[in-house]
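K.L.:
Hey, dropping protein.cif in here, mmCIF, C-alpha atoms:
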```cif
data_structure
loop_
_atom_site.label_atom_id
_atom_site.label_comp_id
_atom_site.auth_asym_id
_atom_site.auth_seq_id
_atom_site.Cartn_x
_atom_site.Cartn_y
_atom_site.Cartn_z
CA MET A 1 4.12 6.43 24.58
CA ASN A 2 4.39 3.91 27.41
CA ALA A 3 1.81 1.19 27.77
CA PRO A 4 -0.61 1.37 30.71
CA GLN A 5 0.64 -0.59 33.73
CA GLU A 6 -1.87 -3.41 33.25
CA LEU A 7 -0.65 -3.90 29.67
CA ARG A 8 3.02 -3.82 30.58
CA THR A 9 2.52 -6.48 33.25
CA ASP A 10 0.47 -8.88 31.14
CA LEU A 11 0.76 -8.01 27.48
CA THR A 12 0.28 -11.61 26.38
CA THR A 13 -3.08 -11.84 28.13
CA TYR A 14 -4.14 -8.51 26.64
CA MET A 15 -3.25 -9.47 23.08
CA LYS A 16 -4.93 -12.86 23.48
CA ASP A 17 -8.09 -11.07 24.62
CA VAL A 18 -7.92 -8.74 21.61
CA GLY A 19 -7.57 -11.76 19.32
CA GLN A 20 -10.46 -13.63 20.92
CA ARG A 21 -12.75 -10.60 20.67
CA ALA A 22 -11.76 -10.11 17.03
CA ARG A 23 -12.49 -13.76 16.25
CA ARG A 24 -15.95 -13.52 17.82
CA ALA A 25 -16.65 -10.24 16.02
CA SER A 26 -15.58 -11.71 12.69
CA VAL A 27 -18.62 -14.00 12.74
CA ALA A 28 -21.00 -11.04 13.05
CA MET A 29 -19.07 -9.01 10.47
CA ALA A 30 -19.20 -11.86 7.93
CA LYS A 31 -22.96 -12.40 8.18
CA ALA A 32 -23.94 -8.70 8.35
CA SER A 33 -26.00 -7.45 5.41
CA THR A 34 -24.57 -5.20 2.73
CA ALA A 35 -26.88 -2.39 3.93
CA THR A 36 -25.58 -2.70 7.50
CA ARG A 37 -21.94 -2.58 6.48
CA ASN A 38 -22.56 0.32 4.11
CA ALA A 39 -24.38 2.19 6.91
CA ALA A 40 -21.29 1.87 9.11
CA LEU A 41 -19.14 3.32 6.33
CA ALA A 42 -21.57 6.20 5.78
CA ASN A 43 -21.68 6.94 9.51
CA LEU A 44 -17.90 7.00 9.68
CA ALA A 45 -17.53 9.26 6.63
CA ALA A 46 -20.04 11.70 8.12
CA ALA A 47 -18.18 11.69 11.44
CA ILE A 48 -14.86 12.47 9.75
CA ARG A 49 -16.41 15.44 7.96
CA ALA A 50 -18.16 16.66 11.10
CA ARG A 51 -14.99 16.35 13.20
CA HIS A 52 -12.51 17.50 10.53
CA ALA A 53 -11.03 20.11 12.87
CA ASP A 54 -10.59 17.57 15.69
CA VAL A 55 -8.77 15.17 13.37
CA ARG A 56 -6.50 17.95 12.10
CA ALA A 57 -5.73 19.09 15.64
CA ALA A 58 -4.90 15.58 16.86
CA ASN A 59 -2.65 15.05 13.86
CA ALA A 60 -0.93 18.40 14.46
CA ARG A 61 -0.09 17.31 18.02
CA ASP A 62 1.35 14.04 16.73
CA VAL A 63 3.44 15.88 14.13
CA GLU A 64 4.74 18.33 16.73
CA HIS A 65 5.78 15.50 19.06
CA ALA A 66 7.35 13.52 16.21
CA ARG A 67 9.33 16.51 14.95
CA ALA A 68 10.61 17.21 18.45
CA ALA A 69 11.63 13.53 18.74
CA GLY A 70 13.66 13.82 15.51
CA LEU A 71 11.50 11.62 13.27
CA GLU A 72 13.07 11.42 9.81
CA SER A 73 11.59 13.56 7.06
CA ALA A 74 10.09 10.69 5.03
CA LEU A 75 8.10 9.49 8.05
CA LEU A 76 7.07 13.04 8.95
CA ASP A 77 5.72 13.42 5.42
CA ARG A 78 3.66 10.25 5.83
CA LEU A 79 2.43 11.32 9.26
CA GLN A 80 1.09 14.71 8.30
CA LEU A 81 -2.57 15.01 7.25
CA SER A 82 -3.63 17.97 5.11
CA ASP A 83 -7.22 19.11 4.70
CA VAL A 84 -7.20 17.30 1.36
CA HIS A 85 -6.05 14.06 2.98
CA ILE A 86 -8.84 14.20 5.56
CA ASP A 87 -11.42 14.89 2.86
CA GLN A 88 -10.03 11.96 0.87
CA MET A 89 -10.46 9.67 3.89
CA ALA A 90 -14.19 10.43 3.96
CA ALA A 91 -14.50 10.26 0.18
CA GLY A 92 -12.71 6.91 0.14
CA LEU A 93 -15.21 5.46 2.61
CA GLU A 94 -18.10 6.67 0.45
CA GLN A 95 -16.46 5.20 -2.64
CA ILE A 96 -16.07 1.85 -0.85
CA ALA A 97 -19.73 1.93 0.25
CA ALA A 98 -20.83 2.57 -3.35
CA MET A 99 -18.89 -0.41 -4.69
CA PRO A 100 -20.55 -3.79 -5.30
CA ASP A 101 -20.43 -6.07 -2.28
CA PRO A 102 -18.12 -8.98 -3.08
CA ILE A 103 -19.30 -11.13 -0.19
CA GLY A 104 -21.62 -13.97 -1.15
CA THR A 105 -21.28 -13.50 -4.89
CA ILE A 106 -21.23 -16.80 -6.77
CA SER A 107 -19.36 -17.13 -10.05
CA ASP A 108 -18.16 -19.70 -12.55
CA ILE A 109 -21.16 -22.03 -12.11
CA ARG A 110 -20.66 -25.03 -14.36
CA PRO A 111 -22.87 -28.09 -14.89
CA MET A 112 -20.96 -31.34 -14.52
CA PRO A 113 -21.69 -34.71 -16.21
CA SER A 114 -22.85 -36.09 -12.84
CA GLY A 115 -25.69 -33.56 -12.75
CA ILE A 116 -24.27 -31.34 -10.00
CA GLN A 117 -23.45 -27.68 -10.59
CA VAL A 118 -20.15 -26.34 -9.24
CA GLY A 119 -19.36 -22.69 -8.58
CA ARG A 120 -17.32 -20.43 -6.34
CA MET A 121 -18.53 -18.09 -3.61
CA ARG A 122 -16.51 -15.11 -2.39
CA VAL A 123 -16.11 -15.02 1.41
CA PRO A 124 -14.24 -12.89 4.00
CA LEU A 125 -10.76 -13.89 5.14
CA GLY A 126 -11.79 -13.57 8.81
CA VAL A 127 -9.48 -11.55 11.09
CA ILE A 128 -6.89 -9.27 9.53
CA GLY A 129 -4.02 -7.83 11.56
CA ILE A 130 -2.68 -4.57 10.13
CA ILE A 131 0.65 -3.16 11.34
CA TYR A 132 1.64 0.25 10.05
CA GLU A 133 3.84 3.25 10.75
CA SER A 134 3.13 6.97 10.59
CA ARG A 135 0.16 7.17 8.23
CA PRO A 136 -3.03 7.78 10.27
CA ASN A 137 -5.13 7.62 7.09
CA VAL A 138 -4.36 3.89 7.03
CA THR A 139 -6.55 3.57 10.13
CA ILE A 140 -9.57 4.71 8.11
CA ASP A 141 -8.65 3.00 4.84
CA ALA A 142 -8.08 -0.33 6.58
CA ALA A 143 -11.21 -0.09 8.70
CA GLY A 144 -13.34 0.82 5.68
CA LEU A 145 -12.10 -2.00 3.50
CA CYS A 146 -12.37 -4.58 6.27
CA ILE A 147 -15.89 -3.50 7.20
CA LYS A 148 -17.06 -3.64 3.59
CA SER A 149 -15.44 -7.03 3.00
CA GLY A 150 -16.99 -8.53 6.14
CA ASN A 151 -13.73 -8.96 8.03
CA ALA A 152 -12.77 -8.08 11.59
CA THR A 153 -9.48 -6.25 11.97
CA ILE A 154 -6.85 -5.53 14.60
CA LEU A 155 -4.98 -2.29 13.93
CA ARG A 156 -1.55 -1.61 15.36
CA GLY A 157 -0.43 1.88 14.33
CA GLY A 158 2.85 3.55 15.14
CA SER A 159 3.39 5.43 18.40
CA GLU A 160 4.11 8.62 16.44
CA ALA A 161 0.43 8.77 15.33
CA ILE A 162 -1.12 7.63 18.61
CA GLU A 163 -3.35 10.66 19.31
CA CYS A 164 -4.87 10.78 15.86
CA ASN A 165 -5.26 7.01 15.69
CA ARG A 166 -7.06 6.90 19.04
CA LEU A 167 -9.47 9.61 17.93
CA LEU A 168 -10.16 7.82 14.65
CA ALA A 169 -10.61 4.48 16.44
CA SER A 170 -13.22 6.01 18.75
CA MET A 171 -15.07 7.35 15.71
CA ILE A 172 -14.94 3.91 14.07
CA ALA A 173 -16.36 2.29 17.22
CA ASP A 174 -19.20 4.81 17.29
CA ALA A 175 -20.00 4.15 13.62
CA LEU A 176 -20.04 0.38 14.13
CA ARG A 177 -22.25 0.62 17.19
CA ALA A 178 -24.69 3.00 15.47
CA SER A 179 -25.12 0.54 12.58
CA GLY A 180 -25.59 -2.51 14.77
CA LEU A 181 -22.17 -4.06 14.23
CA PRO A 182 -19.86 -5.13 17.09
CA GLU A 183 -17.33 -2.51 18.20
CA ASP A 184 -14.74 -5.31 18.34
CA GLY A 185 -15.03 -5.58 14.57
CA VAL A 186 -12.26 -2.94 14.43
CA GLN A 187 -9.85 -2.77 17.35
CA LEU A 188 -6.84 -0.49 17.82
CA VAL A 189 -4.08 -2.07 19.93
CA ALA A 190 -3.90 0.16 23.00
CA THR A 191 -0.16 -0.07 23.55
CA ALA A 192 2.86 1.15 21.60
CA ASP A 193 4.98 -1.65 23.07
CA ARG A 194 6.83 -3.33 20.18
CA ALA A 195 6.28 -6.69 21.84
CA ALA A 196 2.59 -6.42 20.92
CA VAL A 197 3.55 -6.73 17.25
CA GLY A 198 5.47 -9.94 17.94
CA LEU A 199 2.44 -11.38 19.71
CA LEU A 200 -0.01 -10.29 17.00
CA VAL A 201 1.89 -12.09 14.24
CA THR A 202 2.21 -15.32 16.22
CA MET A 203 -1.50 -15.89 16.92
CA PRO A 204 -2.73 -17.94 13.93
CA GLU A 205 -5.59 -19.22 16.06
CA TYR A 206 -7.04 -15.69 16.10
CA VAL A 207 -5.48 -13.88 13.10
CA ASP A 208 -5.87 -15.13 9.52
CA ILE A 209 -3.79 -12.59 7.58
CA VAL A 210 -1.24 -9.93 8.56
CA VAL A 211 -0.76 -6.82 6.43
CA PRO A 212 2.39 -4.87 7.37
CA ARG A 213 2.82 -1.32 6.07
CA GLY A 214 6.10 0.24 7.04
CA GLY A 215 9.81 0.44 6.46
CA ARG A 216 12.14 -2.34 5.41
CA SER A 217 13.26 -3.12 8.97
CA LEU A 218 9.66 -3.69 10.09
CA ILE A 219 8.84 -5.95 7.13
CA GLU A 220 12.05 -7.96 7.52
CA ARG A 221 11.34 -8.45 11.21
CA LEU A 222 7.82 -9.70 10.52
CA MET A 223 9.04 -12.03 7.76
CA ARG A 224 11.31 -13.65 10.35
CA GLU A 225 8.78 -13.82 13.18
CA SER A 226 5.32 -14.24 11.68
CA LYS A 227 3.39 -17.50 11.95
CA VAL A 228 0.51 -15.90 10.05
CA PRO A 229 0.45 -15.47 6.23
CA MET A 230 1.25 -11.92 5.10
CA ILE A 231 0.22 -9.56 2.30
CA LYS A 232 3.26 -7.31 1.95
CA HIS A 233 5.86 -5.52 -0.09
CA LEU A 234 9.42 -5.04 1.06
CA ASP A 235 10.67 -2.16 -1.10
CA GLY A 236 9.44 0.35 -3.63
CA VAL A 237 12.33 0.65 -6.10
CA CYS A 238 10.25 2.05 -8.97
CA HIS A 239 11.48 2.96 -12.46
CA VAL A 240 10.48 5.22 -15.32
CA TYR A 241 11.97 4.40 -18.73
CA ILE A 242 11.99 7.17 -21.35
CA ASP A 243 12.02 5.45 -24.73
CA ASP A 244 13.51 6.77 -27.97
CA ALA A 245 9.96 7.29 -29.24
CA ALA A 246 8.83 9.34 -26.23
CA ASN A 247 7.15 12.73 -26.48
CA LEU A 248 9.74 15.06 -24.93
CA GLU A 249 7.32 17.33 -23.09
CA GLN A 250 5.32 14.39 -21.78
CA ALA A 251 8.47 12.57 -20.65
CA ILE A 252 9.68 15.53 -18.61
CA ARG A 253 6.29 16.02 -16.97
CA ILE A 254 5.92 12.34 -16.04
CA ALA A 255 9.49 11.88 -14.79
CA ASP A 256 9.22 15.07 -12.72
CA ASN A 257 5.93 14.04 -11.12
CA ALA A 258 7.01 10.45 -10.50
CA LYS A 259 9.96 11.68 -8.43
CA THR A 260 8.97 14.98 -6.86
CA GLN A 261 5.20 14.89 -6.27
CA ARG A 262 6.00 13.13 -2.96
CA TYR A 263 9.36 11.72 -1.91
CA GLY A 264 8.39 9.44 0.97
CA THR A 265 6.00 7.02 -0.77
CA CYS A 266 6.56 3.49 -2.04
CA ASN A 267 5.36 4.39 -5.57
CA THR A 268 7.85 7.24 -6.03
CA MET A 269 10.36 6.73 -8.86
CA GLU A 270 13.86 5.98 -7.55
CA THR A 271 15.63 5.18 -10.85
CA LEU A 272 15.21 6.91 -14.21
CA LEU A 273 16.23 5.03 -17.34
CA ILE A 274 16.70 6.91 -20.63
CA ALA A 275 17.27 5.50 -24.11
CA GLY A 276 20.60 6.64 -25.53
CA GLY A 277 19.08 8.18 -28.65
CA ILE A 278 16.88 10.65 -26.73
CA ALA A 279 19.15 11.26 -23.72
CA PRO A 280 20.91 14.40 -25.08
CA SER A 281 17.51 16.02 -25.74
CA VAL A 282 15.59 15.06 -22.60
CA LEU A 283 18.21 14.76 -19.87
CA PRO A 284 19.50 18.37 -19.55
CA PRO A 285 16.07 20.08 -19.38
CA LEU A 286 14.75 17.40 -17.02
CA ALA A 287 17.83 17.70 -14.81
CA ARG A 288 17.28 21.45 -14.57
CA VAL A 289 13.77 20.76 -13.27
CA TYR A 290 15.24 18.45 -10.63
CA ALA A 291 17.96 20.96 -9.77
CA GLY A 292 15.30 23.60 -9.16
CA LYS A 293 13.78 21.24 -6.58
CA SER A 294 17.12 20.34 -4.98
CA VAL A 295 17.07 16.71 -6.14
CA GLU A 296 20.51 15.10 -5.98
CA LEU A 297 21.31 13.24 -9.21
CA ARG A 298 23.42 10.08 -9.22
CA GLY A 299 24.21 8.86 -12.70
CA CYS A 300 26.03 6.29 -14.76
CA GLU A 301 29.17 7.40 -16.60
CA ARG A 302 27.25 8.50 -19.71
CA THR A 303 24.66 10.35 -17.64
CA CYS A 304 27.30 12.30 -15.74
CA ALA A 305 29.07 13.19 -19.00
CA VAL A 306 25.86 14.59 -20.55
CA LEU A 307 24.96 16.57 -17.43
CA GLN A 308 28.44 17.91 -16.77
CA ALA A 309 28.62 19.14 -20.38
CA ALA A 310 25.39 21.02 -19.66
CA GLY A 311 26.82 22.48 -16.45
CA ILE A 312 24.64 20.35 -14.14
CA ALA A 313 26.00 18.55 -11.09
CA CYS A 314 25.96 14.76 -11.09
CA VAL A 315 27.40 12.23 -8.64
CA ALA A 316 28.71 8.92 -9.98
CA ALA A 317 26.21 6.17 -9.20
CA THR A 318 27.34 2.97 -7.51
CA GLU A 319 25.93 -0.54 -7.83
CA GLU A 320 24.11 0.01 -4.53
CA ASP A 321 22.22 2.99 -5.97
CA TRP A 322 20.35 0.78 -8.44
CA HIS A 323 19.04 -1.26 -5.48
CA THR A 324 18.13 1.69 -3.24
CA GLU A 325 14.73 3.04 -2.25
CA TYR A 326 15.77 6.56 -1.25
CA LEU A 327 12.43 7.98 -0.03
CA ALA A 328 14.25 11.30 -0.37
CA PRO A 329 15.15 13.91 -3.02
CA ILE A 330 17.79 11.64 -4.57
CA LEU A 331 17.48 10.04 -8.00
CA SER A 332 19.66 7.51 -9.80
CA ILE A 333 19.81 7.80 -13.60
CA ARG A 334 21.11 5.37 -16.21
CA ILE A 335 21.32 5.79 -19.97
CA VAL A 336 20.56 2.46 -21.64
CA ALA A 337 20.99 1.27 -25.20
CA ASP A 338 17.39 0.37 -25.94
CA LEU A 339 14.14 -1.19 -24.68
CA ASP A 340 15.78 -4.59 -24.14
CA ALA A 341 18.42 -3.04 -21.88
CA ALA A 342 15.77 -1.10 -19.96
CA ILE A 343 13.65 -4.21 -19.33
CA ASP A 344 16.75 -6.16 -18.30
CA HIS A 345 17.74 -3.43 -15.82
CA ILE A 346 14.24 -3.26 -14.33
CA ASN A 347 13.85 -7.01 -13.93
CA THR A 348 17.31 -7.14 -12.34
CA TYR A 349 16.98 -4.28 -9.85
CA SER A 350 13.25 -3.62 -9.47
CA SER A 351 11.38 -4.53 -6.29
CA HIS A 352 8.50 -5.53 -8.60
CA HIS A 353 6.30 -2.73 -7.30
CA THR A 354 5.65 -0.20 -10.10
CA ASP A 355 7.48 0.57 -13.34
CA ALA A 356 6.53 2.84 -16.24
CA ILE A 357 7.50 3.50 -19.86
CA VAL A 358 7.10 6.80 -21.70
CA THR A 359 6.75 6.14 -25.43
CA ASP A 360 4.57 6.73 -28.48
CA ASP A 361 5.64 3.35 -29.92
CA HIS A 362 2.72 0.95 -29.36
CA VAL A 363 4.81 -2.16 -29.99
CA ALA A 364 7.43 -1.07 -27.45
CA ALA A 365 4.71 -0.22 -24.93
CA MET A 366 3.06 -3.63 -25.27
CA ARG A 367 6.40 -5.40 -24.90
CA PHE A 368 7.06 -3.40 -21.73
CA LEU A 369 3.68 -4.41 -20.29
CA ARG A 370 4.27 -8.08 -21.03
CA GLU A 371 7.92 -8.40 -20.07
CA VAL A 372 8.32 -6.22 -16.97
CA ASP A 373 7.60 -8.44 -13.98
CA SER A 374 6.01 -5.96 -11.55
CA ALA A 375 2.72 -5.61 -9.71
CA SER A 376 1.86 -2.40 -11.63
CA VAL A 377 3.21 -1.64 -15.12
CA MET A 378 2.31 1.66 -16.78
CA ILE A 379 2.41 3.37 -20.16
CA ASN A 380 2.76 7.17 -20.29
CA ALA A 381 1.73 7.76 -16.68
CA SER A 382 3.44 8.62 -13.41
CA THR A 383 4.27 5.78 -11.03
CA ARG A 384 2.50 7.83 -8.33
CA PHE A 385 -0.81 6.49 -9.67
CA ALA A 386 -0.06 3.04 -8.18
CA ASP A 387 -2.56 3.49 -5.40
CA GLY A 388 -5.85 1.88 -4.40
CA PHE A 389 -7.79 5.15 -4.45
CA GLU A 390 -6.41 6.08 -7.88
CA TYR A 391 -7.20 2.57 -9.18
CA GLY A 392 -10.84 2.92 -8.16
CA LEU A 393 -10.59 0.48 -5.24
CA GLY A 394 -11.91 3.11 -2.82
CA ALA A 395 -8.73 2.74 -0.79
CA GLU A 396 -6.05 0.15 -0.28
CA ILE A 397 -5.07 -1.94 2.67
CA GLY A 398 -1.57 -2.23 1.30
CA ILE A 399 0.41 -3.08 -1.80
CA SER A 400 1.65 -6.60 -2.46
CA ASN A 401 4.71 -7.47 -4.51
CA ASP A 402 4.00 -11.16 -3.97
CA LYS A 403 2.39 -13.32 -6.65
CA LEU A 404 0.08 -15.47 -4.53
CA HIS A 405 -3.38 -14.39 -3.36
CA ALA A 406 -3.05 -10.65 -4.09
CA ARG A 407 -0.73 -8.48 -6.18
CA GLY A 408 -0.52 -4.69 -6.49
CA PRO A 409 -2.83 -2.39 -4.48
CA VAL A 410 -5.00 -4.62 -2.30
CA GLY A 411 -8.65 -3.59 -2.14
CA LEU A 412 -11.88 -5.41 -1.41
CA GLU A 413 -11.24 -8.49 -3.54
CA GLY A 414 -7.79 -8.96 -2.01
CA LEU A 415 -9.43 -9.19 1.43
CA THR A 416 -11.60 -12.11 0.39
CA SER A 417 -11.15 -15.73 -0.54
CA GLN A 418 -13.29 -18.18 -2.47
CA LYS A 419 -14.87 -21.46 -1.53
CA PHE A 420 -16.39 -24.04 -3.84
CA VAL A 421 -20.17 -24.37 -3.68
CA VAL A 422 -22.11 -27.28 -5.14
CA PHE A 423 -25.78 -27.36 -6.17
CA GLY A 424 -27.25 -30.83 -6.37
CA HIS A 425 -30.59 -32.43 -7.15
CA GLY A 426 -30.21 -35.63 -5.16
CA GLU A 427 -27.15 -36.87 -7.08
CA VAL A 428 -24.93 -39.52 -5.48
CA ARG A 429 -21.48 -40.58 -6.67
CA THR A 430 -21.24 -44.02 -8.27
#
```
In structure tokens, write the structure found in this file.
P.N.:
Amino acid sequence: MNAPQELRTDLTTYMKDVGQRARRASVAMAKASTATRNAALANLAAAIRARHADVRAANARDVEHARAAGLESALLDRLQLSDVHIDQMAAGLEQIAAMPDPIGTISDIRPMPSGIQVGRMRVPLGVIGIIYESRPNVTIDAAGLCIKSGNATILRGGSEAIECNRLLASMIADALRASGLPEDGVQLVATADRAAVGLLVTMPEYVDIVVPRGGRSLIERLMRESKVPMIKHLDGVCHVYIDDAANLEQAIRIADNAKTQRYGTCNTMETLLIAGGIAPSVLPPLARVYAGKSVELRGCERTCAVLQAAGIACVAATEEDWHTEYLAPILSIRIVADLDAAIDHINTYSSHHTDAIVTDDHVAAMRFLREVDSASVMINASTRFADGFEYGLGAEIGISNDKLHARGPVGLEGLTSQKFVVFGHGEVRT
């Protein structure tokens, strides 16, 4: 969608104005009471339920336009909202509202020899810029988390979801106004011009943190251009390792779900690792499940030998396959000698997003938890659970593979910082 004429002619002035309004609104958002912020969330959840049909219709128009424009299947999958997704948007807001308010909480108070007491208070980050593609539910998740955490936010969604995002943004503005909060507390950038993204990430005077949610090309671009710190992940190359001590039925169910429940998500398994001792038992029946769902299998030499002996097609995997986030019905499979080999493979090729082990061996499971260097590490569960809603965060603003500030699904706490607070009784330093 083309930008309005006034935006095309002076995009820099427009984005500066958006940033200034967000900065002013951030002051009101930070000092608003818990009850006020929760009221805004409740108002928004009620509006989503009341206008369910309108949201579905707007999304259907976006999907129709995107399909006609030839949007790839993974992005179409992310764009489409089902009735369940819309209900989850409202439920997520209510879950966020019910959570303890992190803002203003003081922890770790310690008396010092001087007589002062030193603690830490949790505070908002300020203004958060969120750049995302396809998923209109991010508009609600991001707004809800930022409202609850006392932050102002600037949302820049993809052009493919413009109708739904505009409807949701109007509902957010209504909910803020009805609760006494500034409408500028949540702003949707009104243009699909890609230059707006470049401006948003180079305004540190107005924006405190940028959260990009999108494909590799978007993240790489922002890593090059941004002058604002980012909470991000670049890839989702997730693994499931089936250990020698795995329950066969459980292993098949988990490995199936991790790959096929949804193909176009960052927590979908892209590489399956199987211990050599259990491979002849688990690989053929699991491969038949994949074959029934038209999943292309790319395997190491041993994997292809096992599958071909069972009459199942397998393409020889290349080195590139171990690095690839397919976001498609394609799976790479490697048979490994043991737990050590599995951990070595994961720490070599993983994007440090989410990795899981299937095993009944407690010692092996604990080693996997300790030694796999990823943001989420799981025992006997599908990687698809690596999600803010599933983790009880209410929603997530994104997932971080970084190690500083926030790691894994980023919820309320990840949108706050801490400052030292000191309680004195007239003490002076000598």
K.L.:
Within 12 Å of (-7.2, 0.6, 8.5), only C-alpha atoms: residues as a PyMOL selection string?
P.N.:
chain A and resi 89+92-93+128-133+135-148+151-157+165+168-169+172+185-188+211-213+395-398+411
K.L.:
Just give me the residues with any atom within 7 Å of (-13.0, -19.1, -8.0), file coordinates, counting all atoms listed in the file, written as a count of residues only.
P.N.:
4
K.L.:
Report as a PyMOL selection string the full result of the PyMOL selection byres ((chain A and resi 25) around 8) when it is applied to this structure.
P.N.:
chain A and resi 21-24+26-29+152+182+184-185
K.L.:
Go ahead and write the selection's residues with C-alpha atoms as an mmCIF file, in the frame of the given file.
P.N.:
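Contents of out_14.cif, freshly written:
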```
data_model
loop_
_atom_site.group_PDB
_atom_site.id
_atom_site.type_symbol
_atom_site.label_atom_id
_atom_site.label_comp_id
_atom_site.auth_asym_id
_atom_site.auth_seq_id
_atom_site.Cartn_x
_atom_site.Cartn_y
_atom_site.Cartn_z
ATOM 1 C CA ARG A 21 -12.750 -10.600 20.670
ATOM 2 C CA ALA A 22 -11.760 -10.110 17.030
ATOM 3 C CA ARG A 23 -12.490 -13.760 16.250
ATOM 4 C CA ARG A 24 -15.950 -13.520 17.820
ATOM 5 C CA SER A 26 -15.580 -11.710 12.690
ATOM 6 C CA VAL A 27 -18.620 -14.000 12.740
ATOM 7 C CA ALA A 28 -21.000 -11.040 13.050
ATOM 8 C CA MET A 29 -19.070 -9.010 10.470
ATOM 9 C CA ALA A 152 -12.770 -8.080 11.590
ATOM 10 C CA PRO A 182 -19.860 -5.130 17.090
ATOM 11 C CA ASP A 184 -14.740 -5.310 18.340
ATOM 12 C CA GLY A 185 -15.030 -5.580 14.570
#
```
K.L.:
Kindly resolve the PyMOL selection byres ((chain A and resi 288) around 12) on the present coordinates and return the residues as an mmCIF file with C-alpha atoms, in the frame of the given file.
P.N.:
```cif
data_model
loop_
_atom_site.group_PDB
_atom_site.id
_atom_site.type_symbol
_atom_site.label_atom_id
_atom_site.label_comp_id
_atom_site.auth_asym_id
_atom_site.auth_seq_id
_atom_site.Cartn_x
_atom_site.Cartn_y
_atom_site.Cartn_z
ATOM 1 C CA ILE A 252 9.680 15.530 -18.610
ATOM 2 C CA ASP A 256 9.220 15.070 -12.720
ATOM 3 C CA VAL A 282 15.590 15.060 -22.600
ATOM 4 C CA LEU A 283 18.210 14.760 -19.870
ATOM 5 C CA PRO A 284 19.500 18.370 -19.550
ATOM 6 C CA PRO A 285 16.070 20.080 -19.380
ATOM 7 C CA LEU A 286 14.750 17.400 -17.020
ATOM 8 C CA ALA A 287 17.830 17.700 -14.810
ATOM 9 C CA VAL A 289 13.770 20.760 -13.270
ATOM 10 C CA TYR A 290 15.240 18.450 -10.630
ATOM 11 C CA ALA A 291 17.960 20.960 -9.770
ATOM 12 C CA GLY A 292 15.300 23.600 -9.160
ATOM 13 C CA LYS A 293 13.780 21.240 -6.580
ATOM 14 C CA SER A 294 17.120 20.340 -4.980
ATOM 15 C CA VAL A 295 17.070 16.710 -6.140
ATOM 16 C CA GLU A 296 20.510 15.100 -5.980
ATOM 17 C CA LEU A 297 21.310 13.240 -9.210
ATOM 18 C CA LEU A 307 24.960 16.570 -17.430
ATOM 19 C CA GLN A 308 28.440 17.910 -16.770
ATOM 20 C CA ALA A 310 25.390 21.020 -19.660
ATOM 21 C CA GLY A 311 26.820 22.480 -16.450
ATOM 22 C CA ILE A 312 24.640 20.350 -14.140
ATOM 23 C CA ALA A 313 26.000 18.550 -11.090
ATOM 24 C CA CYS A 314 25.960 14.760 -11.090
#
```
K.L.:
Nearest residue to Gly180 (chain A) out of A:Ala40, A:Asp360, A:Lys419, A:Leu200, using all atoms listed in the file?
P.N.:
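With all atoms listed in the file as the atom set, the closest residue is A:Ala40.
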K.L.:
Of the residues A:Thr383, A:Ser281, A:Gln250, A:Ser226, which is the one nearest to Cys266 (chain A), using all atoms listed in the file?
P.N.:
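Checking each of A:Thr383, A:Ser281, A:Gln250, A:Ser226 against Cys266 (chain A), counting all atoms listed in the file, the winner is A:Thr383.
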K.L.:
Can you tell me, as a list in words, what residues are no more than 8 Å from region 341-349 of chain A when counting all atoms listed in the file, ignoring any on the same chain fewer than 5 positions away?
P.N.:
Val237, His239, Tyr241, Leu273, Ala275, Trp322, His323, Val336, Asp355, Phe368, Glu371, Val372 and Asp373 of chain A
K.L.:
Which residue is closest to Ile357 (chain A)? Choose from A:Ser149, A:Gln95, A:Ser73, A:Asn247 and count all atoms listed in the file.
P.N.:
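Ranked by minimum distance to Ile357 (chain A), first place goes to A:Asn247.
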K.L.:
Got a sec to resolve the PyMOL selection byres ((chain A and resi 110) around 12) on this structure and send the residues as a PyMOL selection string?
P.N.:
chain A and resi 106-109+111-120+420-424
K.L.:
Using all atoms listed in the file, can you tell me which of A:Leu369, A:Ala90, A:Ala364, A:Met121 comes closest to Thr105 (chain A)?
P.N.:
A:Met121
K.L.:
Between A:Ser376, A:Ser400, A:Asn267, A:Thr13, which one has atoms that come closest to Val210 (chain A), using all atoms listed in the file?
P.N.:
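That would be A:Ser400, the residue with the smallest distance to Val210 (chain A).
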K.L.:
Would you kindly return, as a list in words, each protein, DNA or RNA residue with an atom no farther than 9 Å from any atom of Val201 (chain A), considering all atoms listed in the file and excluding same-chain residues fewer than 6 positions away?
P.N.:
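Close residues of Val201 (chain A): Gly129, Val207, Ile209, Val210, Leu222, Glu225, Ser226, Lys227, Val228 and Pro229 of chain A.
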K.L.:
For the selection you just gave me, I'd like the residues written to a file as an mmCIF file, in the frame of the given file, keeping C-alpha atoms.
P.N.:
```cif
data_model
loop_
_atom_site.group_PDB
_atom_site.id
_atom_site.type_symbol
_atom_site.label_atom_id
_atom_site.label_comp_id
_atom_site.auth_asym_id
_atom_site.auth_seq_id
_atom_site.Cartn_x
_atom_site.Cartn_y
_atom_site.Cartn_z
ATOM 1 C CA GLY A 129 -4.020 -7.830 11.560
ATOM 2 C CA VAL A 207 -5.480 -13.880 13.100
ATOM 3 C CA ILE A 209 -3.790 -12.590 7.580
ATOM 4 C CA VAL A 210 -1.240 -9.930 8.560
ATOM 5 C CA LEU A 222 7.820 -9.700 10.520
ATOM 6 C CA GLU A 225 8.780 -13.820 13.180
ATOM 7 C CA SER A 226 5.320 -14.240 11.680
ATOM 8 C CA LYS A 227 3.390 -17.500 11.950
ATOM 9 C CA VAL A 228 0.510 -15.900 10.050
ATOM 10 C CA PRO A 229 0.450 -15.470 6.230
#
```
